[in-house]
file upload15.cif (mmCIF, C-alpha atoms)
data_data
#
loop_
_atom_site.group_PDB
_atom_site.id
_atom_site.type_symbol
_atom_site.label_atom_id
_atom_site.label_comp_id
_atom_site.auth_asym_id
_atom_site.auth_seq_id
_atom_site.Cartn_x
_atom_site.Cartn_y
_atom_site.Cartn_z
ATOM 1 C CA LEU A 1 -10.695 -21.771 2.803
ATOM 2 C CA SER A 2 -13.514 -19.533 4.044
ATOM 3 C CA GLU A 3 -13.245 -21.418 7.357
ATOM 4 C CA PHE A 4 -9.696 -20.136 7.779
ATOM 5 C CA PRO A 5 -10.076 -16.325 7.799
ATOM 6 C CA ALA A 6 -6.490 -15.677 8.858
ATOM 7 C CA VAL A 7 -5.142 -17.280 5.678
ATOM 8 C CA ASP A 8 -4.153 -14.827 2.959
ATOM 9 C CA LEU A 9 -4.041 -16.027 -0.629
ATOM 10 C CA THR A 10 -1.429 -14.134 -2.636
ATOM 11 C CA ARG A 11 0.075 -14.176 -6.111
ATOM 12 C CA PRO A 12 -2.192 -16.672 -7.900
ATOM 13 C CA ARG A 13 -0.574 -17.789 -11.151
ATOM 14 C CA LEU A 14 -0.909 -20.497 -13.758
ATOM 15 C CA VAL A 15 1.339 -23.532 -13.451
ATOM 16 C CA PRO A 16 3.639 -23.758 -16.505
ATOM 17 C CA GLY A 17 2.556 -26.593 -18.760
ATOM 18 C CA ASP A 18 -0.755 -27.156 -16.989
ATOM 19 C CA GLN A 19 -3.413 -24.596 -17.852
ATOM 20 C CA ASP A 20 -5.922 -26.259 -15.488
ATOM 21 C CA ALA A 21 -3.772 -25.738 -12.399
ATOM 22 C CA VAL A 22 -3.261 -22.565 -10.411
ATOM 23 C CA GLN A 23 -0.410 -22.091 -7.964
ATOM 24 C CA VAL A 24 -0.860 -19.861 -4.926
ATOM 25 C CA ASP A 25 1.174 -18.838 -1.907
ATOM 26 C CA LEU A 26 -0.283 -19.021 1.591
ATOM 27 C CA TYR A 27 0.832 -16.590 4.249
ATOM 28 C CA GLN A 28 0.005 -18.268 7.523
ATOM 29 C CA SER A 29 1.277 -19.635 10.802
ATOM 30 C CA ARG A 30 2.846 -23.066 11.179
ATOM 31 C CA GLU A 31 -0.303 -24.237 13.030
ATOM 32 C CA GLU A 32 -2.631 -23.085 10.252
ATOM 33 C CA PHE A 33 -0.434 -24.778 7.692
ATOM 34 C CA ALA A 34 -0.652 -28.097 9.539
ATOM 35 C CA THR A 35 -4.436 -27.770 9.904
ATOM 36 C CA LEU A 36 -4.951 -27.061 6.223
ATOM 37 C CA ARG A 37 -2.669 -29.886 5.200
ATOM 38 C CA SER A 38 -4.578 -32.398 7.318
ATOM 39 C CA ARG A 39 -7.940 -31.077 6.143
ATOM 40 C CA PHE A 40 -7.069 -31.020 2.434
ATOM 41 C CA PRO A 41 -4.410 -33.736 1.976
ATOM 42 C CA ALA A 42 -4.755 -33.988 -1.827
ATOM 43 C CA GLU A 43 -4.681 -30.247 -2.472
ATOM 44 C CA PHE A 44 -1.751 -29.719 -0.091
ATOM 45 C CA ALA A 45 0.255 -32.764 -1.143
ATOM 46 C CA ALA A 46 2.769 -30.561 -2.954
ATOM 47 C CA ALA A 47 2.676 -27.698 -0.458
ATOM 48 C CA THR A 48 5.932 -26.703 1.196
ATOM 49 C CA LEU A 49 6.756 -24.461 4.109
ATOM 50 C CA VAL A 50 9.124 -21.910 2.619
ATOM 51 C CA ALA A 51 10.085 -19.997 5.750
ATOM 52 C CA ALA A 52 9.636 -21.431 9.208
ATOM 53 C CA GLU A 53 9.127 -19.098 12.150
ATOM 54 C CA GLY A 54 12.765 -19.255 13.207
ATOM 55 C CA GLU A 55 13.975 -18.392 9.715
ATOM 56 C CA LEU A 56 11.568 -15.471 9.523
ATOM 57 C CA GLN A 57 12.705 -14.117 12.871
ATOM 58 C CA ALA A 58 16.320 -14.433 11.766
ATOM 59 C CA ALA A 59 15.535 -12.400 8.650
ATOM 60 C CA ILE A 60 13.814 -9.741 10.771
ATOM 61 C CA ALA A 61 16.796 -9.606 13.138
ATOM 62 C CA ALA A 62 19.193 -9.190 10.210
ATOM 63 C CA GLU A 63 17.037 -6.416 8.767
ATOM 64 C CA ARG A 64 16.943 -4.655 12.140
ATOM 65 C CA GLU A 65 20.713 -4.794 12.425
ATOM 66 C CA ARG A 66 21.089 -3.367 8.936
ATOM 67 C CA LEU A 67 18.634 -0.552 9.602
ATOM 68 C CA ALA A 68 20.389 0.354 12.834
ATOM 69 C CA VAL A 69 23.463 1.477 10.870
ATOM 70 C CA ARG A 70 21.701 2.970 7.832
ATOM 71 C CA GLU A 71 23.170 6.156 6.464
ATOM 72 C CA PRO A 72 21.212 9.374 7.141
ATOM 73 C CA VAL A 73 19.724 11.435 4.337
ATOM 74 C CA HIS A 74 21.368 14.806 3.753
ATOM 75 C CA LEU A 75 18.244 16.908 3.297
ATOM 76 C CA ASP A 76 20.223 19.988 2.287
ATOM 77 C CA ALA A 77 21.780 18.141 -0.673
ATOM 78 C CA PRO A 78 20.498 18.425 -4.268
ATOM 79 C CA LEU A 79 17.375 16.401 -5.020
ATOM 80 C CA ALA A 80 19.205 13.728 -6.997
ATOM 81 C CA THR A 81 21.537 13.102 -4.063
ATOM 82 C CA ARG A 82 18.704 13.092 -1.526
ATOM 83 C CA LYS A 83 16.773 10.657 -3.681
ATOM 84 C CA GLN A 84 19.694 8.249 -3.979
ATOM 85 C CA GLU A 85 20.354 8.346 -0.240
ATOM 86 C CA PHE A 86 16.723 8.061 0.840
ATOM 87 C CA PHE A 87 15.864 5.056 -1.322
ATOM 88 C CA ALA A 88 19.044 3.193 -0.474
ATOM 89 C CA GLU A 89 17.236 1.823 2.599
ATOM 90 C CA PHE A 90 13.847 1.624 4.300
ATOM 91 C CA ARG A 91 13.039 4.732 6.331
ATOM 92 C CA ASP A 92 11.146 5.275 9.561
ATOM 93 C CA TYR A 93 8.195 7.624 9.870
ATOM 94 C CA ASP A 94 10.160 10.713 10.927
ATOM 95 C CA GLU A 95 12.585 10.258 8.037
ATOM 96 C CA ILE A 96 9.713 9.972 5.573
ATOM 97 C CA VAL A 97 8.021 13.131 6.848
ATOM 98 C CA ALA A 98 11.269 15.093 6.757
ATOM 99 C CA TYR A 99 12.112 13.897 3.248
ATOM 100 C CA VAL A 100 8.674 14.685 1.794
ATOM 101 C CA ASP A 101 8.612 18.108 3.444
ATOM 102 C CA VAL A 102 11.883 19.045 1.745
ATOM 103 C CA LEU A 103 10.904 17.373 -1.541
ATOM 104 C CA LEU A 104 7.830 19.572 -1.848
ATOM 105 C CA LEU A 105 9.829 22.765 -1.339
ATOM 106 C CA GLU A 106 10.713 22.517 -5.049
ATOM 107 C CA PRO A 107 9.918 26.061 -6.291
ATOM 108 C CA SER A 108 8.547 25.005 -9.683
ATOM 109 C CA ILE A 109 5.523 23.196 -8.214
ATOM 110 C CA GLU A 110 2.463 24.301 -6.258
ATOM 111 C CA VAL A 111 1.813 22.509 -2.963
ATOM 112 C CA ARG A 112 -0.785 22.337 -0.217
ATOM 113 C CA ARG A 113 -0.087 20.360 2.937
ATOM 114 C CA ILE A 114 -3.158 19.235 4.860
ATOM 115 C CA THR A 115 -3.950 17.077 7.868
ATOM 116 C CA ILE A 116 -6.958 15.005 6.814
ATOM 117 C CA GLY A 117 -7.632 13.525 10.251
ATOM 118 C CA GLU A 118 -6.142 11.649 13.161
ATOM 119 C CA THR A 119 -5.293 7.989 13.608
ATOM 120 C CA ARG A 120 -6.813 5.689 16.200
ATOM 121 C CA GLU A 121 -4.044 6.743 18.620
ATOM 122 C CA GLY A 122 -4.435 10.445 17.829
ATOM 123 C CA ARG A 123 -1.590 11.043 15.393
ATOM 124 C CA PRO A 124 -2.089 13.387 12.416
ATOM 125 C CA ILE A 125 -2.523 11.864 8.957
ATOM 126 C CA GLN A 126 -0.502 13.992 6.565
ATOM 127 C CA THR A 127 -1.630 14.432 2.964
ATOM 128 C CA PHE A 128 0.022 16.488 0.240
ATOM 129 C CA GLU A 129 -1.518 18.096 -2.835
ATOM 130 C CA PHE A 130 0.964 19.071 -5.530
ATOM 131 C CA THR A 131 0.850 20.057 -9.157
ATOM 132 C CA GLY A 132 2.670 22.060 -11.811
ATOM 133 C CA SER A 133 1.387 25.418 -12.967
ATOM 134 C CA GLY A 134 -2.255 26.432 -13.077
ATOM 135 C CA GLY A 135 -3.415 25.979 -9.510
ATOM 136 C CA LEU A 136 -4.802 23.062 -7.515
ATOM 137 C CA GLN A 137 -8.344 23.015 -8.947
ATOM 138 C CA LYS A 138 -7.725 20.375 -11.596
ATOM 139 C CA PRO A 139 -8.622 16.721 -12.200
ATOM 140 C CA THR A 140 -7.114 14.651 -9.406
ATOM 141 C CA VAL A 141 -5.067 11.473 -9.024
ATOM 142 C CA TYR A 142 -4.933 10.050 -5.495
ATOM 143 C CA LEU A 143 -1.871 8.110 -4.292
ATOM 144 C CA GLN A 144 -1.839 6.188 -1.014
ATOM 145 C CA GLY A 145 0.670 4.047 0.857
ATOM 146 C CA THR A 146 0.795 2.087 4.114
ATOM 147 C CA ALA A 147 -2.758 0.935 4.581
ATOM 148 C CA HIS A 148 -0.994 -2.254 5.661
ATOM 149 C CA ALA A 149 1.723 -1.295 8.112
ATOM 150 C CA ASN A 150 4.172 -4.097 7.363
ATOM 151 C CA GLU A 151 4.272 -3.499 3.607
ATOM 152 C CA TRP A 152 7.188 -1.104 3.758
ATOM 153 C CA MET A 153 7.918 -1.331 0.052
ATOM 154 C CA GLY A 154 4.440 0.068 -0.658
ATOM 155 C CA THR A 155 5.269 3.040 1.547
ATOM 156 C CA MET A 156 8.506 3.659 -0.324
ATOM 157 C CA ALA A 157 6.787 3.178 -3.707
ATOM 158 C CA CYS A 158 4.328 5.958 -2.909
ATOM 159 C CA VAL A 159 7.129 8.332 -1.887
ATOM 160 C CA TYR A 160 9.146 7.284 -4.936
ATOM 161 C CA SER A 161 6.239 8.149 -7.231
ATOM 162 C CA MET A 162 6.027 11.580 -5.639
ATOM 163 C CA THR A 163 9.778 12.016 -6.063
ATOM 164 C CA GLU A 164 9.753 11.030 -9.745
ATOM 165 C CA LEU A 165 6.976 13.493 -10.550
ATOM 166 C CA VAL A 166 8.651 16.397 -8.745
ATOM 167 C CA GLU A 167 12.177 15.676 -9.967
ATOM 168 C CA ARG A 168 11.222 15.155 -13.592
ATOM 169 C CA TYR A 169 8.916 18.173 -13.625
ATOM 170 C CA ALA A 170 11.737 20.326 -12.258
ATOM 171 C CA ALA A 171 13.985 18.934 -15.004
ATOM 172 C CA GLY A 172 11.421 19.985 -17.638
ATOM 173 C CA GLU A 173 10.679 16.550 -19.108
ATOM 174 C CA PRO A 174 7.876 17.293 -21.598
ATOM 175 C CA GLU A 175 5.692 14.273 -20.753
ATOM 176 C CA ILE A 176 5.835 14.921 -17.005
ATOM 177 C CA VAL A 177 5.344 18.677 -17.469
ATOM 178 C CA GLU A 178 2.168 17.978 -19.434
ATOM 179 C CA ILE A 179 0.913 15.571 -16.763
ATOM 180 C CA MET A 180 1.737 17.827 -13.823
ATOM 181 C CA ASP A 181 0.267 20.914 -15.476
ATOM 182 C CA SER A 182 -2.946 19.016 -16.293
ATOM 183 C CA LEU A 183 -3.491 17.147 -13.015
ATOM 184 C CA VAL A 184 -3.181 17.591 -9.283
ATOM 185 C CA PHE A 185 -1.693 14.705 -7.320
ATOM 186 C CA VAL A 186 -2.985 14.115 -3.802
ATOM 187 C CA ALA A 187 -0.740 11.763 -1.830
ATOM 188 C CA THR A 188 -1.036 10.121 1.586
ATOM 189 C CA PRO A 189 2.225 8.167 1.864
ATOM 190 C CA VAL A 190 1.563 6.832 5.397
ATOM 191 C CA LEU A 191 -2.130 6.267 6.071
ATOM 192 C CA ASN A 192 -1.636 3.794 8.915
ATOM 193 C CA VAL A 193 0.751 5.882 10.992
ATOM 194 C CA ASP A 194 0.156 3.971 14.250
ATOM 195 C CA GLY A 195 0.685 0.609 12.607
ATOM 196 C CA TYR A 196 3.794 1.763 10.736
ATOM 197 C CA LEU A 197 5.383 3.073 13.923
ATOM 198 C CA HIS A 198 4.572 -0.252 15.574
ATOM 199 C CA THR A 199 6.397 -2.176 12.833
ATOM 200 C CA TRP A 200 9.582 -0.381 13.849
ATOM 201 C CA THR A 201 9.355 -1.679 17.430
ATOM 202 C CA PRO A 202 11.345 -4.787 18.456
ATOM 203 C CA SER A 203 8.373 -7.167 18.239
ATOM 204 C CA GLY A 204 6.151 -5.445 15.674
ATOM 205 C CA ARG A 205 7.763 -5.966 12.245
ATOM 206 C CA ASN A 206 4.939 -8.132 10.850
ATOM 207 C CA TRP A 207 2.096 -5.978 12.169
ATOM 208 C CA ARG A 208 -0.454 -5.346 9.403
ATOM 209 C CA LYS A 209 -3.538 -3.637 10.869
ATOM 210 C CA ASN A 210 -4.103 -0.333 12.635
ATOM 211 C CA ARG A 211 -3.837 -0.211 16.434
ATOM 212 C CA ARG A 212 -7.484 -0.231 17.515
ATOM 213 C CA ASP A 213 -8.013 -1.863 20.928
ATOM 214 C CA ASN A 214 -10.728 -4.408 20.148
ATOM 215 C CA GLY A 215 -11.521 -4.873 23.827
ATOM 216 C CA ASP A 216 -10.977 -8.642 23.842
ATOM 217 C CA GLY A 217 -7.205 -8.691 24.124
ATOM 218 C CA SER A 218 -6.711 -8.294 20.369
ATOM 219 C CA PHE A 219 -5.722 -5.182 18.463
ATOM 220 C CA GLY A 220 -6.255 -3.798 15.028
ATOM 221 C CA VAL A 221 -8.567 -3.554 12.051
ATOM 222 C CA ASP A 222 -7.422 -4.259 8.498
ATOM 223 C CA LEU A 223 -7.845 -0.830 6.926
ATOM 224 C CA ASN A 224 -8.110 -2.456 3.516
ATOM 225 C CA ARG A 225 -11.242 -4.322 4.696
ATOM 226 C CA ASN A 226 -12.965 -1.407 6.467
ATOM 227 C CA ASN A 227 -13.798 0.712 3.432
ATOM 228 C CA ALA A 228 -17.148 1.885 2.117
ATOM 229 C CA PRO A 229 -19.623 1.428 0.577
ATOM 230 C CA GLU A 230 -21.704 -0.500 3.082
ATOM 231 C CA ARG A 231 -22.844 -3.056 0.512
ATOM 232 C CA THR A 232 -19.272 -4.236 -0.150
ATOM 233 C CA TRP A 233 -17.950 -3.907 3.404
ATOM 234 C CA CYS A 234 -16.864 -7.140 5.098
ATOM 235 C CA THR A 235 -17.620 -9.320 2.079
ATOM 236 C CA ALA A 236 -15.119 -11.510 0.212
ATOM 237 C CA GLY A 237 -11.704 -11.842 1.817
ATOM 238 C CA SER A 238 -12.744 -10.302 5.141
ATOM 239 C CA SER A 239 -13.309 -11.707 8.617
ATOM 240 C CA THR A 240 -15.434 -10.730 11.614
ATOM 241 C CA ASN A 241 -12.858 -12.280 13.954
ATOM 242 C CA PRO A 242 -11.002 -9.424 15.718
ATOM 243 C CA SER A 243 -7.854 -11.566 15.938
ATOM 244 C CA SER A 244 -7.770 -12.093 12.179
ATOM 245 C CA ASN A 245 -5.338 -10.201 9.986
ATOM 246 C CA VAL A 246 -8.289 -9.405 7.712
ATOM 247 C CA PHE A 247 -10.684 -8.226 10.447
ATOM 248 C CA CYS A 248 -13.084 -5.776 8.803
ATOM 249 C CA GLY A 249 -13.907 -3.864 11.994
ATOM 250 C CA PRO A 250 -17.166 -3.503 13.926
ATOM 251 C CA ALA A 251 -18.780 -1.337 11.220
ATOM 252 C CA CYS A 252 -18.143 0.137 7.787
ATOM 253 C CA LEU A 253 -15.650 3.033 8.094
ATOM 254 C CA SER A 254 -15.367 2.490 11.838
ATOM 255 C CA GLU A 255 -11.679 3.433 11.665
ATOM 256 C CA PRO A 256 -10.623 7.092 11.628
ATOM 257 C CA GLU A 257 -7.876 6.423 9.088
ATOM 258 C CA ASP A 258 -10.349 5.135 6.506
ATOM 259 C CA ARG A 259 -12.927 7.811 7.313
ATOM 260 C CA SER A 260 -10.289 10.501 6.834
ATOM 261 C CA TYR A 261 -9.271 9.576 3.314
ATOM 262 C CA SER A 262 -12.840 8.660 2.338
ATOM 263 C CA ASP A 263 -14.014 12.105 3.429
ATOM 264 C CA LEU A 264 -11.077 13.689 1.597
ATOM 265 C CA LEU A 265 -11.963 12.015 -1.697
ATOM 266 C CA ALA A 266 -15.625 12.979 -1.288
ATOM 267 C CA GLN A 267 -14.671 16.610 -0.638
ATOM 268 C CA LEU A 268 -12.341 16.699 -3.641
ATOM 269 C CA ALA A 269 -15.015 15.202 -5.882
ATOM 270 C CA GLU A 270 -17.367 18.074 -5.047
ATOM 271 C CA THR A 271 -15.157 20.568 -6.893
ATOM 272 C CA GLN A 272 -12.939 18.545 -9.239
ATOM 273 C CA PRO A 273 -13.084 15.093 -10.841
ATOM 274 C CA VAL A 274 -11.094 12.363 -9.088
ATOM 275 C CA LEU A 275 -9.856 10.376 -12.070
ATOM 276 C CA THR A 276 -8.192 7.476 -10.308
ATOM 277 C CA ALA A 277 -6.810 6.256 -7.000
ATOM 278 C CA VAL A 278 -3.716 4.081 -6.579
ATOM 279 C CA ASP A 279 -3.235 2.224 -3.298
ATOM 280 C CA PHE A 280 0.297 0.782 -3.045
ATOM 281 C CA HIS A 281 0.589 -2.716 -1.546
ATOM 282 C CA THR A 282 3.293 -5.376 -1.678
ATOM 283 C CA CYS A 283 1.631 -8.567 -0.460
ATOM 284 C CA GLY A 284 1.729 -9.996 -3.985
ATOM 285 C CA SER A 285 2.921 -9.132 -7.479
ATOM 286 C CA LEU A 286 -0.528 -8.078 -8.603
ATOM 287 C CA LEU A 287 -2.361 -5.198 -10.238
ATOM 288 C CA LEU A 288 -5.865 -5.229 -8.756
ATOM 289 C CA TRP A 289 -8.943 -3.347 -9.916
ATOM 290 C CA PRO A 290 -12.706 -3.601 -9.241
ATOM 291 C CA TRP A 291 -14.436 -5.754 -8.437
ATOM 292 C CA GLN A 292 -12.701 -7.552 -5.563
ATOM 293 C CA TYR A 293 -15.769 -8.290 -3.437
ATOM 294 C CA THR A 294 -17.564 -10.464 -6.005
ATOM 295 C CA VAL A 295 -16.755 -12.898 -8.800
ATOM 296 C CA GLN A 296 -19.028 -10.978 -11.154
ATOM 297 C CA GLN A 297 -17.239 -9.229 -13.995
ATOM 298 C CA LEU A 298 -17.189 -5.511 -14.562
ATOM 299 C CA PRO A 299 -19.324 -4.063 -17.355
ATOM 300 C CA ILE A 300 -17.357 -4.745 -20.520
ATOM 301 C CA GLU A 301 -16.566 -1.090 -21.297
ATOM 302 C CA ASP A 302 -15.066 -0.592 -17.826
ATOM 303 C CA ARG A 303 -13.215 -3.901 -17.906
ATOM 304 C CA VAL A 304 -11.569 -3.058 -21.225
ATOM 305 C CA GLN A 305 -10.305 0.243 -19.821
ATOM 306 C CA PHE A 306 -8.843 -1.457 -16.740
ATOM 307 C CA GLU A 307 -7.243 -4.208 -18.809
ATOM 308 C CA VAL A 308 -5.615 -1.743 -21.197
ATOM 309 C CA LEU A 309 -4.332 0.395 -18.331
ATOM 310 C CA GLY A 310 -3.202 -2.689 -16.406
ATOM 311 C CA ARG A 311 -1.214 -4.024 -19.328
ATOM 312 C CA LEU A 312 0.472 -0.661 -19.814
ATOM 313 C CA GLN A 313 1.429 -0.639 -16.126
ATOM 314 C CA GLU A 314 2.659 -4.223 -16.302
ATOM 315 C CA ASP A 315 4.777 -3.487 -19.366
ATOM 316 C CA ALA A 316 6.279 -0.411 -17.700
ATOM 317 C CA ILE A 317 7.128 -2.363 -14.541
ATOM 318 C CA ASN A 318 8.678 -5.228 -16.510
ATOM 319 C CA GLU A 319 10.743 -2.776 -18.553
ATOM 320 C CA VAL A 320 12.232 -1.322 -15.373
ATOM 321 C CA LEU A 321 12.931 -4.812 -14.022
ATOM 322 C CA MET A 322 14.708 -5.791 -17.225
ATOM 323 C CA GLN A 323 16.860 -2.674 -17.083
ATOM 324 C CA ALA A 324 17.686 -3.316 -13.430
ATOM 325 C CA HIS A 325 18.823 -6.852 -14.190
ATOM 326 C CA GLY A 326 20.828 -5.886 -17.224
#

call {"tool": "encode", "arguments": {"input": "upload15.cif", "output": "structure tokens"}}
result
Amino acid sequence: LSEFPAVDLTRPRLVPGDQDAVQVDLYQSREEFATLRSRFPAEFAAATLVAAEGELQAAIAAERERLAVREPVHLDAPLATRKQEFFAEFRDYDEIVAYVDVLLLEPSIEVRRITIGETREGRPIQTFEFTGSGGLQKPTVYLQGTAHANEWMGTMACVYSMTELVERYAAGEPEIVEIMDSLVFVATPVLNVDGYLHTWTPSGRNWRKNRRDNGDGSFGVDLNRNNAPERTWCTAGSSTNPSSNVFCGPACLSEPEDRSYSDLLAQLAETQPVLTAVDFHTCGSLLLWPWQYTVQQLPIEDRVQFEVLGRLQEDAINEVLMQAHG
């Protein structure tokens, strides 16, 4: 599949009853699907096209119609009401900014709003530091959404995490009070501002990358493939084809969005430990941790920590899903 850089493999999982088989989903165009099927007839014998282009466009049109009549958020309402209204539907960039601005007016928390840089098209990248009592010079957890513009649920998940921390701290929940008083959370809910705005245009819903003009008629770099360090840049899962959805860019950290948050984390680390970073994506139902650029395993002590933390996260997510489905 390395010859098909525009193909994204998502949600690998074991096939029930056959521990030697792995099932994957392919996100690709109809043309790519036909090419792969002819090239690998045995492997693709059971492959099916779940959503044809017309069906996908119909779903996008239905979503657009629904969003056009979405109810506004009453920002002057109590937090619980605002929260219920905001997360009842996807929200555009201006709605997100307005909601977060009001959310962080909660008097029981300490907040610093900073612009960490500008996007490729010159828009500010807004980041928010917030904590409980004790000031902002504490161990840090970094939260980030919208590296991929079309993954709207990742955007909302980042804002939802911010909301839960603020709301439950204000309510005095002991576990959250302890966390918020011990840590500072640094959140960038919309890293790829240009791309996110583009997904709200009539023809842009599936746009994934930023909006760099590549100079050859194509646009965009995959911000999730443009990161440092140099030795891992543009390795596994990346493409040097500017038209690819996983184009890694002309150089490591060539994109201002990635440079901005990379510089931010480096600056924070000079004065306070950055304990972890969570980047919200929704391309697959996966919890990913290092390493993703190589098949080599982590050192065992690190791997054990990630596995324990991953299982705790998975259990927490599944518990919420079970409650939601009764």

call {"tool": "closest_atom_pairs", "arguments": {"input": "upload15.cif", "of": "stretch 105-213 of chain A", "to": "stretch 225-234 of chain A", "cutoff": "12 Å", "atoms": "all atoms listed in the file", "output": "tab-separated table"}}
result
residue	atom	partner	partner_atom	distance
A:Ala147	CA	A:Arg225	CA	10.0
A:His148	CA	A:Arg225	CA	10.5
A:Arg208	CA	A:Arg225	CA	11.8
A:Lys209	CA	A:Arg225	CA	9.9
A:Asn210	CA	A:Asn226	CA	10.9

call {"tool": "residues_around", "arguments": {"input": "upload15.cif", "residues": "stretch 111-124 of chain A", "least_positions_apart": "4", "cutoff": "8 Å", "atoms": "all atoms listed in the file", "output": "mmCIF file with C-alpha atoms, keeping the file's coordinate frame"}}
result
data_model
loop_
_atom_site.group_PDB
_atom_site.id
_atom_site.type_symbol
_atom_site.label_atom_id
_atom_site.label_comp_id
_atom_site.auth_asym_id
_atom_site.auth_seq_id
_atom_site.Cartn_x
_atom_site.Cartn_y
_atom_site.Cartn_z
ATOM 1 C CA LEU A 104 7.830 19.572 -1.848
ATOM 2 C CA PHE A 128 0.022 16.488 0.240
ATOM 3 C CA GLU A 129 -1.518 18.096 -2.835
ATOM 4 C CA PHE A 130 0.964 19.071 -5.530
ATOM 5 C CA THR A 131 0.850 20.057 -9.157
ATOM 6 C CA ASN A 192 -1.636 3.794 8.915
ATOM 7 C CA VAL A 193 0.751 5.882 10.992
ATOM 8 C CA ASP A 194 0.156 3.971 14.250
ATOM 9 C CA ASN A 210 -4.103 -0.333 12.635
ATOM 10 C CA ARG A 211 -3.837 -0.211 16.434
ATOM 11 C CA ARG A 212 -7.484 -0.231 17.515
ATOM 12 C CA GLU A 255 -11.679 3.433 11.665
ATOM 13 C CA PRO A 256 -10.623 7.092 11.628
ATOM 14 C CA GLU A 257 -7.876 6.423 9.088
ATOM 15 C CA SER A 260 -10.289 10.501 6.834
ATOM 16 C CA TYR A 261 -9.271 9.576 3.314
ATOM 17 C CA LEU A 264 -11.077 13.689 1.597
#

call {"tool": "atom_distance", "arguments": {"input": "upload15.cif", "atom1": "atom CA of A:Arg70", "atom2": "atom CA of A:Leu105"}}
result
24.8 Å

call {"tool": "atom_distance", "arguments": {"input": "upload15.cif", "atom1": "atom CA of A:Leu183", "atom2": "atom CA of A:Tyr142"}}
result
10.4 Å

call {"tool": "atom_distance", "arguments": {"input": "upload15.cif", "atom1": "atom CA of A:Phe280", "atom2": "atom CA of A:Gln144"}}
result
6.2 Å

call {"tool": "resolve_selection", "arguments": {"input": "upload15.cif", "expression": "the PyMOL selection byres ((chain A and resi 246-249) around 7)", "output": "ChimeraX atom specification"}}
result
/A:6,221-222,225-226,234,238-242,244-245,250-251,254
